[in-house]
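Text of the file target17.txt, holding compact mmCIF, C-alpha atoms:
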# COMPACT_ATOMS: atom_id res chain seq x y z
CA MET A 3 49.28 0.19 2.30
CA ALA A 4 51.29 2.58 4.46
CA THR A 5 49.55 5.04 6.74
CA PRO A 6 49.53 8.49 5.09
CA VAL A 7 51.89 11.12 6.43
CA LEU A 8 50.10 13.50 8.78
CA ARG A 9 51.53 16.88 9.78
CA ARG A 10 50.69 19.81 12.03
CA LEU A 11 49.24 22.72 10.08
CA ARG A 12 51.75 25.14 11.65
CA ASP A 13 54.62 23.09 10.16
CA LEU A 14 53.31 23.44 6.60
CA THR A 15 54.26 26.87 5.30
CA ASP A 16 52.22 26.52 2.08
CA PHE A 17 48.98 25.51 3.82
CA GLU A 18 46.22 27.46 5.55
CA VAL A 19 42.60 26.92 6.49
CA ALA A 20 40.40 27.15 3.40
CA ASP A 21 38.67 30.44 2.70
CA GLY A 22 35.24 30.56 4.28
CA ASN A 23 36.14 28.04 6.99
CA PRO A 24 37.00 29.29 10.48
CA ASP A 25 40.41 28.52 11.95
CA VAL A 26 39.27 26.70 15.09
CA ARG A 27 42.65 26.76 16.85
CA GLY A 28 42.11 28.27 20.29
CA TRP A 29 38.38 27.42 20.32
CA ALA A 30 36.82 25.68 23.33
CA VAL A 31 36.11 21.96 22.93
CA ARG A 32 32.94 20.85 24.70
CA GLY A 33 31.63 17.37 25.32
CA GLY A 34 28.14 16.07 24.71
CA ASP A 35 27.07 17.53 28.05
CA GLY A 36 28.22 21.03 27.01
CA ARG A 37 31.03 21.16 29.57
CA ALA A 38 34.48 22.32 28.47
CA LEU A 39 37.08 19.60 27.91
CA GLY A 40 39.91 21.76 26.56
CA THR A 41 40.85 23.88 23.54
CA VAL A 42 41.83 23.14 19.95
CA TYR A 43 45.61 23.41 19.98
CA GLU A 44 46.43 22.45 16.40
CA LEU A 45 45.03 20.95 13.21
CA ILE A 46 46.58 17.73 11.92
CA VAL A 47 46.44 17.51 8.14
CA GLU A 48 47.16 15.00 5.42
CA PRO A 49 49.12 17.20 2.98
CA GLU A 50 48.74 14.89 -0.02
CA ALA A 51 44.94 14.91 0.29
CA LEU A 52 44.81 18.60 1.33
CA LYS A 53 42.50 17.67 4.21
CA VAL A 54 42.35 18.18 7.96
CA ARG A 55 42.15 14.74 9.60
CA TYR A 56 42.40 15.54 13.33
CA LEU A 57 41.90 18.24 15.91
CA ASP A 58 44.76 18.25 18.44
CA VAL A 59 43.00 19.15 21.70
CA GLU A 60 44.86 20.42 24.74
CA LEU A 61 42.85 19.17 27.70
CA ASP A 62 41.92 21.33 30.67
CA ALA A 63 44.17 20.74 33.70
CA ARG A 64 41.55 18.64 35.50
CA PHE A 65 41.78 15.96 32.75
CA GLN A 66 45.56 15.73 32.49
CA ARG A 67 46.82 12.32 33.54
CA GLY A 68 50.54 13.01 33.39
CA PRO A 69 53.11 15.55 32.20
CA HIS A 70 52.96 14.25 28.61
CA GLU A 71 49.31 13.24 28.56
CA ASN A 72 47.53 16.57 28.21
CA HIS A 73 46.55 16.27 24.53
CA ILE A 74 44.16 14.05 22.58
CA LEU A 75 43.44 13.82 18.86
CA LEU A 76 39.89 13.85 17.59
CA PRO A 77 38.91 12.77 14.08
CA ILE A 78 37.48 15.94 12.56
CA GLY A 79 34.20 14.32 11.53
CA VAL A 80 33.17 13.48 15.12
CA ALA A 81 32.97 17.17 16.04
CA SER A 82 30.66 20.01 15.08
CA LEU A 83 31.03 23.77 15.08
CA ASP A 84 29.29 26.53 16.94
CA ALA A 85 30.89 29.41 15.08
CA ASP A 86 28.74 31.99 16.88
CA ASP A 87 30.42 31.24 20.20
CA ASP A 88 33.75 29.74 19.00
CA ASN A 89 33.01 26.25 20.32
CA VAL A 90 33.70 22.78 18.97
CA PHE A 91 31.29 20.13 20.24
CA VAL A 92 32.17 16.44 20.52
CA PRO A 93 28.94 14.61 21.41
CA ALA A 94 30.71 11.25 21.92
CA LEU A 95 32.87 12.58 24.80
CA ASN A 96 32.19 13.97 28.25
CA ALA A 97 34.10 14.58 31.49
CA GLU A 98 34.15 10.85 32.30
CA THR A 99 34.86 9.33 28.89
CA VAL A 100 37.64 11.77 28.01
CA LEU A 101 39.68 10.20 30.84
CA GLN A 102 39.56 6.85 28.99
CA TYR A 103 40.59 8.37 25.67
CA PRO A 104 44.08 7.54 24.35
CA PRO A 105 46.45 10.47 24.98
CA TYR A 106 48.48 12.04 22.16
CA SER A 107 52.05 13.23 22.67
CA GLU A 108 53.04 14.38 19.16
CA ILE A 109 54.27 10.92 18.28
CA GLN A 110 53.98 9.41 14.83
CA ILE A 111 50.32 8.64 14.34
CA THR A 112 49.99 4.91 13.65
CA ARG A 113 46.97 3.04 12.35
CA ASP A 114 46.80 1.19 15.71
CA TYR A 115 46.53 4.54 17.49
CA GLU A 116 43.89 5.75 15.03
CA GLU A 117 41.84 2.60 15.59
CA ALA A 118 42.14 3.01 19.38
CA MET A 119 40.74 6.56 19.04
CA LEU A 120 37.78 5.32 17.02
CA ARG A 121 37.03 2.57 19.55
CA ALA A 122 37.20 5.13 22.41
CA LEU A 123 34.54 7.14 20.56
CA GLY A 124 32.33 4.07 20.20
CA LEU A 125 32.95 3.87 16.45
CA ASP A 126 33.82 0.85 14.32
CA ALA A 127 37.59 0.71 13.92
CA GLY A 128 37.47 -2.14 11.43
CA THR A 129 39.99 -2.18 8.66
CA ALA A 130 39.01 -0.03 5.71
CA GLY A 131 42.35 -0.31 3.93
CA ALA A 132 43.04 2.55 1.57
CA GLN A 133 39.59 3.98 2.35
CA PHE A 134 40.32 4.50 6.07
CA TYR A 135 39.81 8.28 5.83
CA GLU A 136 36.68 7.91 3.68
CA ARG A 137 34.51 7.10 6.72
CA ASP A 138 32.19 9.75 8.19
CA SER A 139 34.44 10.30 11.23
CA TYR A 140 37.00 11.95 8.90
CA ASP A 141 34.59 14.11 6.89
CA ALA A 142 36.04 17.60 7.29
CA GLY A 143 33.33 18.97 5.00
CA ALA A 144 30.64 17.91 7.46
CA PHE A 145 32.60 19.49 10.33
CA TYR A 146 32.64 22.88 8.61
CA ARG A 147 29.07 22.60 7.24
CA ARG A 148 27.12 21.62 10.30
CA GLY A 149 26.58 23.55 13.47
CA HIS A 150 25.92 22.28 16.97
CA GLN A 151 22.55 20.63 17.18
Any chance you could put this one into structure tokens?
Amino acid sequence: MATPVLRRLRDLTDFEVADGNPDVRGWAVRGGDGRALGTVYELIVEPEALKVRYLDVELDARFQRGPHENHILLPIGVASLDADDDNVFVPALNAETVLQYPPYSEIQITRDYEEAMLRALGLDAGTAGAQFYERDSYDAGAFYRRGHQ
């Protein structure tokens, strides 16, 4: 089965963040140690499923490895919200591990790239076929429901 088409939210004129859910673009992204890693730059959505699949994170300057390596994608289900302070927490990353994370440069998102992201987060990247986005790491509902713990 082909990988679903993923698009930036800003490129989809008929889409917006669901009512009752905060638009996290511009929010600080913090690792498991609470230190800032960057900011949410964009939301990557699967238009056919009407779901956010990834947070496009622009890394702080100290984490940039090259001129085109200043962004990473995070599966939405690996993060949690702190809506009181406009933070997104990613417990699986910190200042050291983010440097090993595969960079994102607005290329076509392939299944190989998606699996590399999951492995970098310490998650099973095994083949799930058509159910790839059914795993917990892509549960946008959990992202919007739970706060930082």
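Restricting the calculation to only C-alpha atoms, the smallest distance between A:Gly68 and any of A:Leu101, A:Leu11, A:Asn23, A:Arg137 is found for A:Leu101.
Closest approach to A:Arg37 among A:Leu14, A:Val92, A:Ala122, A:Ala142: A:Val92, based on only C-alpha atoms.
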In Å to one decimal, how far is atom CA of A:Tyr103 from atom CA of A:Ile74? 7.4 Å
Please identify all polymer residues within 12 Å of A:Phe17, counting only C-alpha atoms, omitting same-chain residues fewer than 5 positions from it, and present them as a PyMOL selection string. chain A and resi 9-12+45-54
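Across A:Ser139, A:Thr99, A:Asn89, A:Thr15, the tightest approach to A:Tyr56 is made by A:Ser139 when counting only C-alpha atoms.
Atom CA of A:Trp29 to atom CA of A:Leu123 spans 20.6 Å [interatomic distance, one decimal].
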Please define a box with edges along x, y and z of the file around all atoms of stretch 98-110 of chain A given in the file, extend it by 4 Å on each side, and return its centre and edge lengths in Å to one decimal, as lines of an AutoDock Vina configuration file.
center_x = 44.2
center_y = 10.6
center_z = 23.6
size_x = 28.1
size_y = 15.5
size_z = 25.5
Set the distance at 7 Å and use all atoms listed in the file: which residues neighbour stretch 107-121 of chain A once local chain neighbours fewer than 4 positions away are removed? I'd like the list as a list of chain:residue names. A:Thr5, A:His70, A:Glu71, A:His73, A:Tyr103, A:Leu125, A:Asp126, A:Ala127
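When all atoms listed in the file are used to measure the gap to A:Arg64, the shortest distance among A:Gly40, A:Asp35, A:Ala30, A:Gly143 belongs to A:Gly40.
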Pairwise distance for atom CA of A:Asp138 and atom CA of A:Asp16, rounded to one decimal in Å: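 Those two atoms sit 26.8 Å apart.
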Measuring atom to atom with only C-alpha atoms, identify which of A:Gly34, A:Gly128, A:Pro69, A:Gly79 is nearest to A:Val100.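 Of the candidates, the smallest distance to A:Val100 is held by A:Gly34.
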